[in-house]
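Data block for data-v4.txt (compact mmCIF, C-alpha atoms):
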# COMPACT_ATOMS: atom_id res chain seq x y z
CA ARG A 1 35.02 69.16 129.68
CA LYS A 2 33.19 66.10 130.96
CA LYS A 3 36.15 63.72 130.91
CA CYS A 4 39.86 63.78 131.64
CA ASN A 5 42.17 64.55 128.72
CA GLN A 6 39.45 65.94 126.48
CA LEU A 7 41.21 69.27 126.92
CA TRP A 8 44.43 70.46 128.50
CA GLN A 9 45.10 74.11 129.21
CA ILE A 10 48.66 75.43 128.91
CA ASP A 11 50.24 78.77 129.72
CA PHE A 12 53.20 80.56 131.24
CA LYS A 13 52.64 82.13 134.62
CA GLY A 14 53.96 85.67 134.74
CA ASP A 15 57.72 85.61 135.23
CA PHE A 16 59.35 86.70 138.49
CA LEU A 17 62.82 87.62 139.71
CA LEU A 18 64.90 85.03 141.59
CA HIS A 19 67.40 85.92 144.33
CA ASP A 20 70.33 85.21 142.02
CA GLY A 21 69.17 87.95 139.64
CA THR A 22 67.75 85.69 136.91
CA ARG A 23 64.08 85.37 136.02
CA CYS A 24 61.80 82.34 136.27
CA TYR A 25 59.04 81.55 133.75
CA PRO A 26 56.88 78.67 135.04
CA PHE A 27 55.21 76.78 132.19
CA ASP A 28 52.12 74.92 133.32
CA ILE A 29 49.80 72.22 131.95
CA LEU A 30 46.39 71.65 133.53
CA ASP A 31 43.72 69.05 132.75
CA ASP A 32 40.46 70.92 132.17
CA HIS A 33 38.10 68.33 133.69
CA SER A 34 39.95 67.28 136.85
CA ARG A 35 42.08 70.44 137.37
CA TYR A 36 44.99 68.03 137.73
CA CYS A 37 48.31 69.79 137.22
CA ILE A 38 50.03 67.69 134.59
CA ARG A 39 53.29 69.59 134.72
CA ILE A 40 55.07 72.68 136.05
CA ASP A 41 58.31 73.52 134.24
CA PRO A 42 60.16 76.54 135.64
CA LYS A 43 62.21 77.92 132.74
CA SER A 44 64.75 80.66 132.21
CA SER A 45 62.80 81.91 129.16
CA THR A 46 59.59 81.23 127.26
CA HIS A 47 61.31 78.77 124.94
CA GLY A 48 61.01 74.98 125.07
CA VAL A 49 57.21 74.64 125.07
CA LYS A 50 57.27 71.68 122.66
CA GLU A 51 59.80 69.80 124.79
CA SER A 52 57.72 70.25 127.95
CA VAL A 53 54.50 69.16 126.24
CA LEU A 54 56.25 66.14 124.72
CA GLN A 55 57.40 65.03 128.18
CA ALA A 56 53.79 65.36 129.38
CA PHE A 57 52.61 63.23 126.44
CA LEU A 58 55.18 60.55 127.24
CA GLU A 59 54.10 60.44 130.89
CA TYR A 60 50.32 60.94 130.66
CA GLY A 61 49.36 60.16 127.05
CA LEU A 62 47.70 62.43 124.51
CA PRO A 63 44.75 64.79 125.09
CA ASN A 64 42.13 65.43 122.41
CA ALA A 65 42.88 69.16 122.36
CA ILE A 66 45.12 71.79 123.93
CA LEU A 67 43.94 75.31 124.75
CA SER A 68 46.40 78.20 124.93
CA ASP A 69 46.40 81.95 124.53
CA ASN A 70 47.80 83.67 121.44
CA GLY A 71 51.36 84.04 122.67
CA ALA A 72 54.05 83.71 120.02
CA GLN A 73 55.13 80.36 121.51
CA PHE A 74 51.71 78.84 120.81
CA SER A 75 49.97 80.63 117.96
CA GLY A 76 51.00 81.93 114.56
CA PHE A 77 47.56 83.40 113.89
CA ARG A 78 48.81 86.53 112.09
CA GLY A 79 51.94 85.11 110.54
CA GLY A 80 51.11 81.53 109.66
CA TYR A 81 51.43 78.54 111.97
CA THR A 82 53.96 77.73 114.66
CA GLN A 83 56.02 74.54 114.72
CA PHE A 84 54.18 73.79 117.96
CA GLU A 85 50.79 73.86 116.19
CA ARG A 86 52.09 71.54 113.49
CA PHE A 87 53.56 69.23 116.15
CA LEU A 88 50.12 68.94 117.76
CA MET A 89 48.29 68.38 114.46
CA ASP A 90 50.78 65.63 113.56
CA LEU A 91 49.66 63.83 116.72
CA ALA A 92 45.92 64.48 116.12
CA VAL A 93 45.81 66.92 119.05
CA PHE A 94 43.64 69.93 118.18
CA PRO A 95 45.36 73.28 118.94
CA ILE A 96 42.78 75.78 120.25
CA HIS A 97 43.48 79.44 121.06
CA GLY A 98 41.44 81.75 123.25
CA ARG A 99 40.08 85.01 121.92
CA ILE A 100 42.66 87.78 121.84
CA MET A 101 42.43 90.01 124.94
CA HIS A 102 40.00 87.56 126.60
CA PRO A 103 42.01 85.74 129.33
CA GLN A 104 38.75 84.42 130.81
CA THR A 105 38.78 81.78 128.04
CA GLN A 106 41.67 80.19 129.94
CA GLY A 107 40.01 80.91 133.29
CA LYS A 108 40.98 77.65 134.99
CA ILE A 109 44.71 78.01 134.42
CA GLU A 110 44.56 81.73 135.24
CA ARG A 111 42.97 80.82 138.58
CA PHE A 112 45.57 78.09 139.05
CA HIS A 113 48.32 80.68 138.63
CA ARG A 114 46.78 82.86 141.31
CA THR A 115 46.73 79.91 143.70
CA MET A 116 50.35 79.10 142.84
CA LYS A 117 51.40 82.67 143.61
CA GLN A 118 49.52 82.72 146.93
CA GLU A 119 50.61 79.31 148.18
CA ALA A 120 53.92 78.37 146.54
CA LEU A 121 55.65 81.66 145.82
CA ARG A 122 55.24 83.58 149.06
CA ASN A 123 59.01 83.28 149.44
CA THR A 124 61.29 83.91 146.47
CA PRO A 125 63.45 80.92 145.45
CA GLU A 126 67.22 81.40 145.33
CA ASN A 127 67.68 80.11 141.78
CA LEU A 128 66.01 78.11 139.03
CA GLU A 129 66.95 74.74 140.49
CA GLN A 130 65.42 75.67 143.84
CA ALA A 131 62.31 76.91 142.04
CA LYS A 132 61.96 73.54 140.31
CA VAL A 133 62.13 71.66 143.63
CA LEU A 134 59.73 74.06 145.35
CA LEU A 135 57.12 74.04 142.57
CA GLU A 136 57.26 70.27 142.09
CA GLN A 137 56.64 69.77 145.81
CA TRP A 138 53.70 72.19 145.63
CA ARG A 139 52.34 70.46 142.50
CA TRP A 140 52.16 67.20 144.44
CA LYS A 141 50.35 68.94 147.31
CA TYR A 142 47.96 70.68 144.89
CA ASN A 143 47.12 67.40 143.13
CA GLU A 144 47.04 64.94 146.01
CA ILE A 145 46.40 66.77 149.31
CA ARG A 146 44.65 70.08 148.72
CA PRO A 147 40.83 69.72 148.33
CA HIS A 148 39.34 71.63 145.39
CA SER A 149 36.00 73.42 145.87
CA ALA A 150 35.01 73.00 142.20
CA LEU A 151 35.46 69.23 142.61
CA GLY A 152 33.20 68.90 145.64
CA LEU A 153 36.29 69.10 147.90
CA LYS A 154 37.91 66.13 146.18
CA THR A 155 41.52 66.36 145.11
CA PRO A 156 42.47 66.55 141.41
CA GLY A 157 44.62 63.44 141.86
CA SER A 158 41.61 61.39 143.01
CA ILE A 159 39.79 62.20 139.75
CA TYR A 160 42.45 62.35 137.06
CA GLN A 161 43.19 59.31 134.90
CA PRO A 162 45.97 59.23 132.27
CA SER A 163 44.93 59.17 128.64
CA GLU A 164 44.30 55.90 126.82
CA ARG A 165 45.91 57.48 123.75
CA LYS A 166 49.59 56.72 124.22
CA TYR A 167 52.27 58.77 122.52
CA ALA A 168 53.77 57.36 119.33
CA GLU A 169 55.80 58.97 116.57
CA PRO A 170 53.41 60.32 113.91
CA LYS A 171 53.03 58.26 110.75
CA PRO A 172 52.68 59.66 107.21
CA TYR A 173 49.09 60.74 106.61
CA LEU A 174 47.08 59.04 103.86
CA TYR A 175 44.89 61.50 101.97
CA PRO A 176 41.93 60.29 99.88
CA GLU A 177 42.97 58.73 96.54
CA ASN A 178 41.19 61.42 94.51
CA ALA A 179 42.47 64.33 96.63
CA LYS A 180 43.90 67.37 94.81
CA MET A 181 47.35 67.85 96.32
CA ILE A 182 49.48 71.00 96.12
CA LYS A 183 53.06 71.40 97.34
CA ILE A 184 53.75 74.53 99.38
CA ASN A 185 56.90 76.20 98.12
CA ASN A 186 60.06 76.88 100.05
CA TRP A 187 58.83 80.35 101.12
CA GLY A 188 55.51 79.08 102.48
CA TYR A 189 53.33 80.12 99.55
CA LEU A 190 50.49 78.12 98.02
CA ARG A 191 50.44 78.49 94.24
CA PHE A 192 47.45 77.15 92.32
CA GLY A 193 46.97 78.46 88.78
CA PRO A 194 46.82 82.27 89.03
CA ILE A 195 46.40 82.12 92.83
CA GLU A 196 49.36 82.79 95.11
CA VAL A 197 48.75 83.18 98.84
CA TYR A 198 51.09 82.99 101.80
CA LEU A 199 50.29 80.23 104.28
CA SER A 200 53.32 79.70 106.50
CA GLU A 201 56.98 78.78 106.28
CA THR A 202 56.12 76.07 108.79
CA MET A 203 54.41 74.27 105.88
CA LYS A 204 57.16 74.80 103.31
CA ASP A 205 57.78 71.86 100.95
CA THR A 206 54.70 70.10 102.39
CA MET A 207 51.98 68.48 100.30
CA LEU A 208 48.55 69.84 101.26
CA GLU A 209 45.10 68.99 99.99
CA ILE A 210 42.83 71.63 98.47
CA ARG A 211 39.13 70.93 98.64
CA PRO A 212 36.18 72.93 97.17
CA SER A 213 34.16 74.82 99.75
CA GLU A 214 31.21 77.22 99.60
CA GLY A 215 30.90 79.54 96.61
CA ASP A 216 34.24 80.35 95.02
CA THR A 217 36.30 79.32 98.04
CA PHE A 218 38.44 76.27 98.62
CA ALA A 219 39.77 74.83 101.86
CA VAL A 220 43.41 73.96 102.49
CA ILE A 221 43.74 70.67 104.36
CA TYR A 222 46.64 69.37 106.43
CA ARG A 223 46.07 65.83 107.69
CA ASN A 224 42.58 65.89 109.27
CA TYR A 225 42.53 69.67 109.77
CA GLN A 226 41.35 72.55 107.65
CA ILE A 227 44.08 75.14 108.11
CA ALA A 228 43.02 77.88 105.68
CA LEU A 229 40.26 79.11 103.40
CA VAL A 230 41.05 80.77 100.08
CA ASP A 231 38.80 82.89 97.84
CA ALA A 232 39.56 81.72 94.30
CA ALA A 233 37.64 84.54 92.62
CA GLU A 234 39.42 87.28 94.60
CA LYS A 235 42.70 85.31 94.66
CA LYS A 236 43.17 86.02 98.36
CA LEU A 237 43.34 84.31 101.71
CA VAL A 238 40.06 84.43 103.64
CA ASN A 239 41.45 83.06 106.91
CA ARG A 240 44.18 80.86 108.38
CA ARG A 241 42.15 79.28 111.19
CA ILE A 242 42.74 75.67 112.22
CA ARG A 243 39.59 73.55 112.34
CA ARG A 244 39.32 69.81 112.95
CA LEU A 245 37.47 67.94 110.22
Same coordinates, now as structure tokens:
Amino acid sequence: RKKCNQLWQIDFKGDFLLHDGTRCYPFDILDDHSRYCIRIDPKSSTHGVKESVLQAFLEYGLPNAILSDNGAQFSGFRGGYTQFERFLMDLAVFPIHGRIMHPQTQGKIERFHRTMKQEALRNTPENLEQAKVLLEQWRWKYNEIRPHSALGLKTPGSIYQPSERKYAEPKPYLYPENAKMIKINNWGYLRFGPIEVYLSETMKDTMLEIRPSEGDTFAVIYRNYQIALVDAAEKKLVNRRIRRL
């Protein structure tokens, strides 16, 4: 991206064994333009993604979009939507997912993880607390001291600027006055006349807009995102892809 905060990349580095017998799962956030490491959160599991991202929003503001892989923490592509995806859409942050089995889509953060392994993890930390101290010290060095070849040997910290979009609790969304609104039932199904399709339990009891699309299809709209396309003639779901309108 051409500017800071147009896109953040997020991912877990592969977990590793600590000296105390537990495992460490570093969760990382990287600004796509500046390569600035927004956050490293060493965790004991792959849970708590939303909490880590929220802390990043509070400290650095909101990006326009976040790119992740299709891990279960990030994407509900086959089984609906994750709470994390809804959390991002509520804040007008576009959740983007790389192609399945194509890690090169997240090439910058994959390369970042290789650098982390080579420079920060040559010696195994004793426990999770020591890992947090070690990786935070290395994050500062990576951002402020270490020159980056892709930045003309500038440091990420000399380029990165926090977002002008500050975090605020999401407000109720106002749909157009003439919008056709449908309430998703408690099991995550959209029912419209003879049509019944499963969307996601994440959207249960939520009012969504349905909007005519090409041919016999209609789009399902959540806030300013198209989240699904339904074939009315075949009475089936065409896709459940998230697209910003």
Which one is closest to Leu134 in chain A: A:Arg86, A:Arg146, A:Lys154, A:Arg122? Count only C-alpha atoms.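 Going through A:Arg86, A:Arg146, A:Lys154, A:Arg122 one by one, the smallest distance to Leu134 in chain A is for A:Arg122.
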CA of Asn5 in chain A to CA of Tyr36 in chain A, distance in Å rounded to a single decimal: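 Going from CA of Asn5 in chain A over to CA of Tyr36 in chain A, I get 10.1 Å.
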Would you list the residues near (40.1, 62.7, 135.2) (no more than 12 Å away, in the coordinates of the file, using all atoms listed in the file) as an MDAnalysis selection string? chainID A and resid 1:8 30:38 60 63 143 151 154:164
Nearest to Phe74 in chain A, chosen from A:Leu237, A:Met207, A:Ile10, A:Ala92, with only C-alpha atoms counted in the distances: A:Ile10
Need the shell around His47 in chain A: protein/DNA/RNA residues with any atom at most 10 Å away, counting all atoms listed in the file. Skip same-chain ones fewer than 4 positions apart. Format as a ChimeraX atom specification? /A:25,27,43,51-52,73
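Proximity of A:Ala219, A:Ser213, A:Ala233, A:Gln226 to Ile195 in chain A, computed with only C-alpha atoms, is greatest for A:Ala233.
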Residue rebuild result range 48-59 of chain A, all heavy atoms as a PDB file, in the coordinates of the input:
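Heads up, here's the output in out_3.pdb:
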ATOM      1  N   GLY A  48      61.053  76.367 124.628  1.00  0.00           N
ATOM      2  CA  GLY A  48      61.010  74.980 125.070  1.00  0.00           C
ATOM      3  C   GLY A  48      59.619  74.456 125.384  1.00  0.00           C
ATOM      4  O   GLY A  48      59.480  73.457 126.099  1.00  0.00           O
ATOM      5  N   VAL A  49      58.582  75.102 124.827  1.00  0.00           N
ATOM      6  CA  VAL A  49      57.210  74.640 125.070  1.00  0.00           C
ATOM      7  C   VAL A  49      57.013  73.224 124.511  1.00  0.00           C
ATOM      8  O   VAL A  49      56.456  72.344 125.183  1.00  0.00           O
ATOM      9  CB  VAL A  49      56.204  75.612 124.429  1.00  0.00           C
ATOM     10  CG1 VAL A  49      54.811  74.990 124.357  1.00  0.00           C
ATOM     11  CG2 VAL A  49      56.155  76.910 125.220  1.00  0.00           C
ATOM     12  N   LYS A  50      57.459  73.001 123.285  1.00  0.00           N
ATOM     13  CA  LYS A  50      57.270  71.680 122.660  1.00  0.00           C
ATOM     14  C   LYS A  50      57.894  70.580 123.495  1.00  0.00           C
ATOM     15  O   LYS A  50      57.299  69.510 123.686  1.00  0.00           O
ATOM     16  CB  LYS A  50      57.859  71.694 121.252  1.00  0.00           C
ATOM     17  CG  LYS A  50      57.788  70.354 120.541  1.00  0.00           C
ATOM     18  CD  LYS A  50      58.427  70.432 119.164  1.00  0.00           C
ATOM     19  CE  LYS A  50      58.525  69.065 118.513  1.00  0.00           C
ATOM     20  NZ  LYS A  50      59.184  69.117 117.178  1.00  0.00           N
ATOM     21  N   GLU A  51      59.101  70.814 124.011  1.00  0.00           N
ATOM     22  CA  GLU A  51      59.800  69.800 124.790  1.00  0.00           C
ATOM     23  C   GLU A  51      59.034  69.469 126.079  1.00  0.00           C
ATOM     24  O   GLU A  51      58.930  68.296 126.466  1.00  0.00           O
ATOM     25  CB  GLU A  51      61.215  70.279 125.119  1.00  0.00           C
ATOM     26  CG  GLU A  51      62.149  70.334 123.922  1.00  0.00           C
ATOM     27  CD  GLU A  51      61.885  71.512 122.983  1.00  0.00           C
ATOM     28  OE1 GLU A  51      61.142  72.444 123.389  1.00  0.00           O
ATOM     29  OE2 GLU A  51      62.412  71.496 121.849  1.00  0.00           O
ATOM     30  N   SER A  52      58.483  70.491 126.723  1.00  0.00           N
ATOM     31  CA  SER A  52      57.720  70.250 127.950  1.00  0.00           C
ATOM     32  C   SER A  52      56.440  69.478 127.674  1.00  0.00           C
ATOM     33  O   SER A  52      56.078  68.555 128.409  1.00  0.00           O
ATOM     34  CB  SER A  52      57.367  71.588 128.612  1.00  0.00           C
ATOM     35  OG  SER A  52      58.518  72.246 129.076  1.00  0.00           O
ATOM     36  N   VAL A  53      55.749  69.842 126.596  1.00  0.00           N
ATOM     37  CA  VAL A  53      54.500  69.160 126.240  1.00  0.00           C
ATOM     38  C   VAL A  53      54.795  67.711 125.830  1.00  0.00           C
ATOM     39  O   VAL A  53      54.043  66.789 126.171  1.00  0.00           O
ATOM     40  CB  VAL A  53      53.764  69.925 125.133  1.00  0.00           C
ATOM     41  CG1 VAL A  53      52.577  69.123 124.603  1.00  0.00           C
ATOM     42  CG2 VAL A  53      53.279  71.271 125.665  1.00  0.00           C
ATOM     43  N   LEU A  54      55.891  67.493 125.106  1.00  0.00           N
ATOM     44  CA  LEU A  54      56.250  66.140 124.720  1.00  0.00           C
ATOM     45  C   LEU A  54      56.493  65.271 125.948  1.00  0.00           C
ATOM     46  O   LEU A  54      56.052  64.110 125.998  1.00  0.00           O
ATOM     47  CB  LEU A  54      57.508  66.164 123.840  1.00  0.00           C
ATOM     48  CG  LEU A  54      58.086  64.801 123.437  1.00  0.00           C
ATOM     49  CD1 LEU A  54      57.049  63.960 122.702  1.00  0.00           C
ATOM     50  CD2 LEU A  54      59.335  64.987 122.588  1.00  0.00           C
ATOM     51  N   GLN A  55      57.178  65.794 126.953  1.00  0.00           N
ATOM     52  CA  GLN A  55      57.400  65.030 128.180  1.00  0.00           C
ATOM     53  C   GLN A  55      56.070  64.688 128.863  1.00  0.00           C
ATOM     54  O   GLN A  55      55.892  63.591 129.402  1.00  0.00           O
ATOM     55  CB  GLN A  55      58.303  65.805 129.132  1.00  0.00           C
ATOM     56  CG  GLN A  55      59.755  65.880 128.687  1.00  0.00           C
ATOM     57  CD  GLN A  55      60.375  64.513 128.475  1.00  0.00           C
ATOM     58  OE1 GLN A  55      60.257  63.616 129.327  1.00  0.00           O
ATOM     59  NE2 GLN A  55      61.031  64.327 127.340  1.00  0.00           N
ATOM     60  N   ALA A  56      55.126  65.630 128.815  1.00  0.00           N
ATOM     61  CA  ALA A  56      53.790  65.360 129.380  1.00  0.00           C
ATOM     62  C   ALA A  56      53.084  64.263 128.593  1.00  0.00           C
ATOM     63  O   ALA A  56      52.434  63.386 129.175  1.00  0.00           O
ATOM     64  CB  ALA A  56      52.960  66.641 129.378  1.00  0.00           C
ATOM     65  N   PHE A  57      53.214  64.275 127.264  1.00  0.00           N
ATOM     66  CA  PHE A  57      52.610  63.230 126.440  1.00  0.00           C
ATOM     67  C   PHE A  57      53.207  61.863 126.769  1.00  0.00           C
ATOM     68  O   PHE A  57      52.490  60.862 126.835  1.00  0.00           O
ATOM     69  CB  PHE A  57      52.842  63.531 124.953  1.00  0.00           C
ATOM     70  CG  PHE A  57      52.053  64.691 124.407  1.00  0.00           C
ATOM     71  CD1 PHE A  57      52.357  65.215 123.155  1.00  0.00           C
ATOM     72  CD2 PHE A  57      51.002  65.252 125.117  1.00  0.00           C
ATOM     73  CE1 PHE A  57      51.640  66.274 122.628  1.00  0.00           C
ATOM     74  CE2 PHE A  57      50.273  66.322 124.603  1.00  0.00           C
ATOM     75  CZ  PHE A  57      50.596  66.834 123.354  1.00  0.00           C
ATOM     76  N   LEU A  58      54.516  61.821 126.945  1.00  0.00           N
ATOM     77  CA  LEU A  58      55.180  60.550 127.240  1.00  0.00           C
ATOM     78  C   LEU A  58      54.732  59.992 128.594  1.00  0.00           C
ATOM     79  O   LEU A  58      54.620  58.773 128.774  1.00  0.00           O
ATOM     80  CB  LEU A  58      56.694  60.743 127.232  1.00  0.00           C
ATOM     81  CG  LEU A  58      57.321  61.015 125.856  1.00  0.00           C
ATOM     82  CD1 LEU A  58      58.769  61.452 126.012  1.00  0.00           C
ATOM     83  CD2 LEU A  58      57.239  59.783 124.971  1.00  0.00           C
ATOM     84  N   GLU A  59      54.466  60.884 129.552  1.00  0.00           N
ATOM     85  CA  GLU A  59      54.100  60.440 130.890  1.00  0.00           C
ATOM     86  C   GLU A  59      52.604  60.173 131.045  1.00  0.00           C
ATOM     87  O   GLU A  59      52.204  59.204 131.713  1.00  0.00           O
ATOM     88  CB  GLU A  59      54.524  61.490 131.923  1.00  0.00           C
ATOM     89  CG  GLU A  59      54.322  61.056 133.353  1.00  0.00           C
ATOM     90  CD  GLU A  59      54.926  62.018 134.357  1.00  0.00           C
ATOM     91  OE1 GLU A  59      55.581  63.002 133.943  1.00  0.00           O
ATOM     92  OE2 GLU A  59      54.751  61.778 135.577  1.00  0.00           O
TER      93      GLU A  59
END
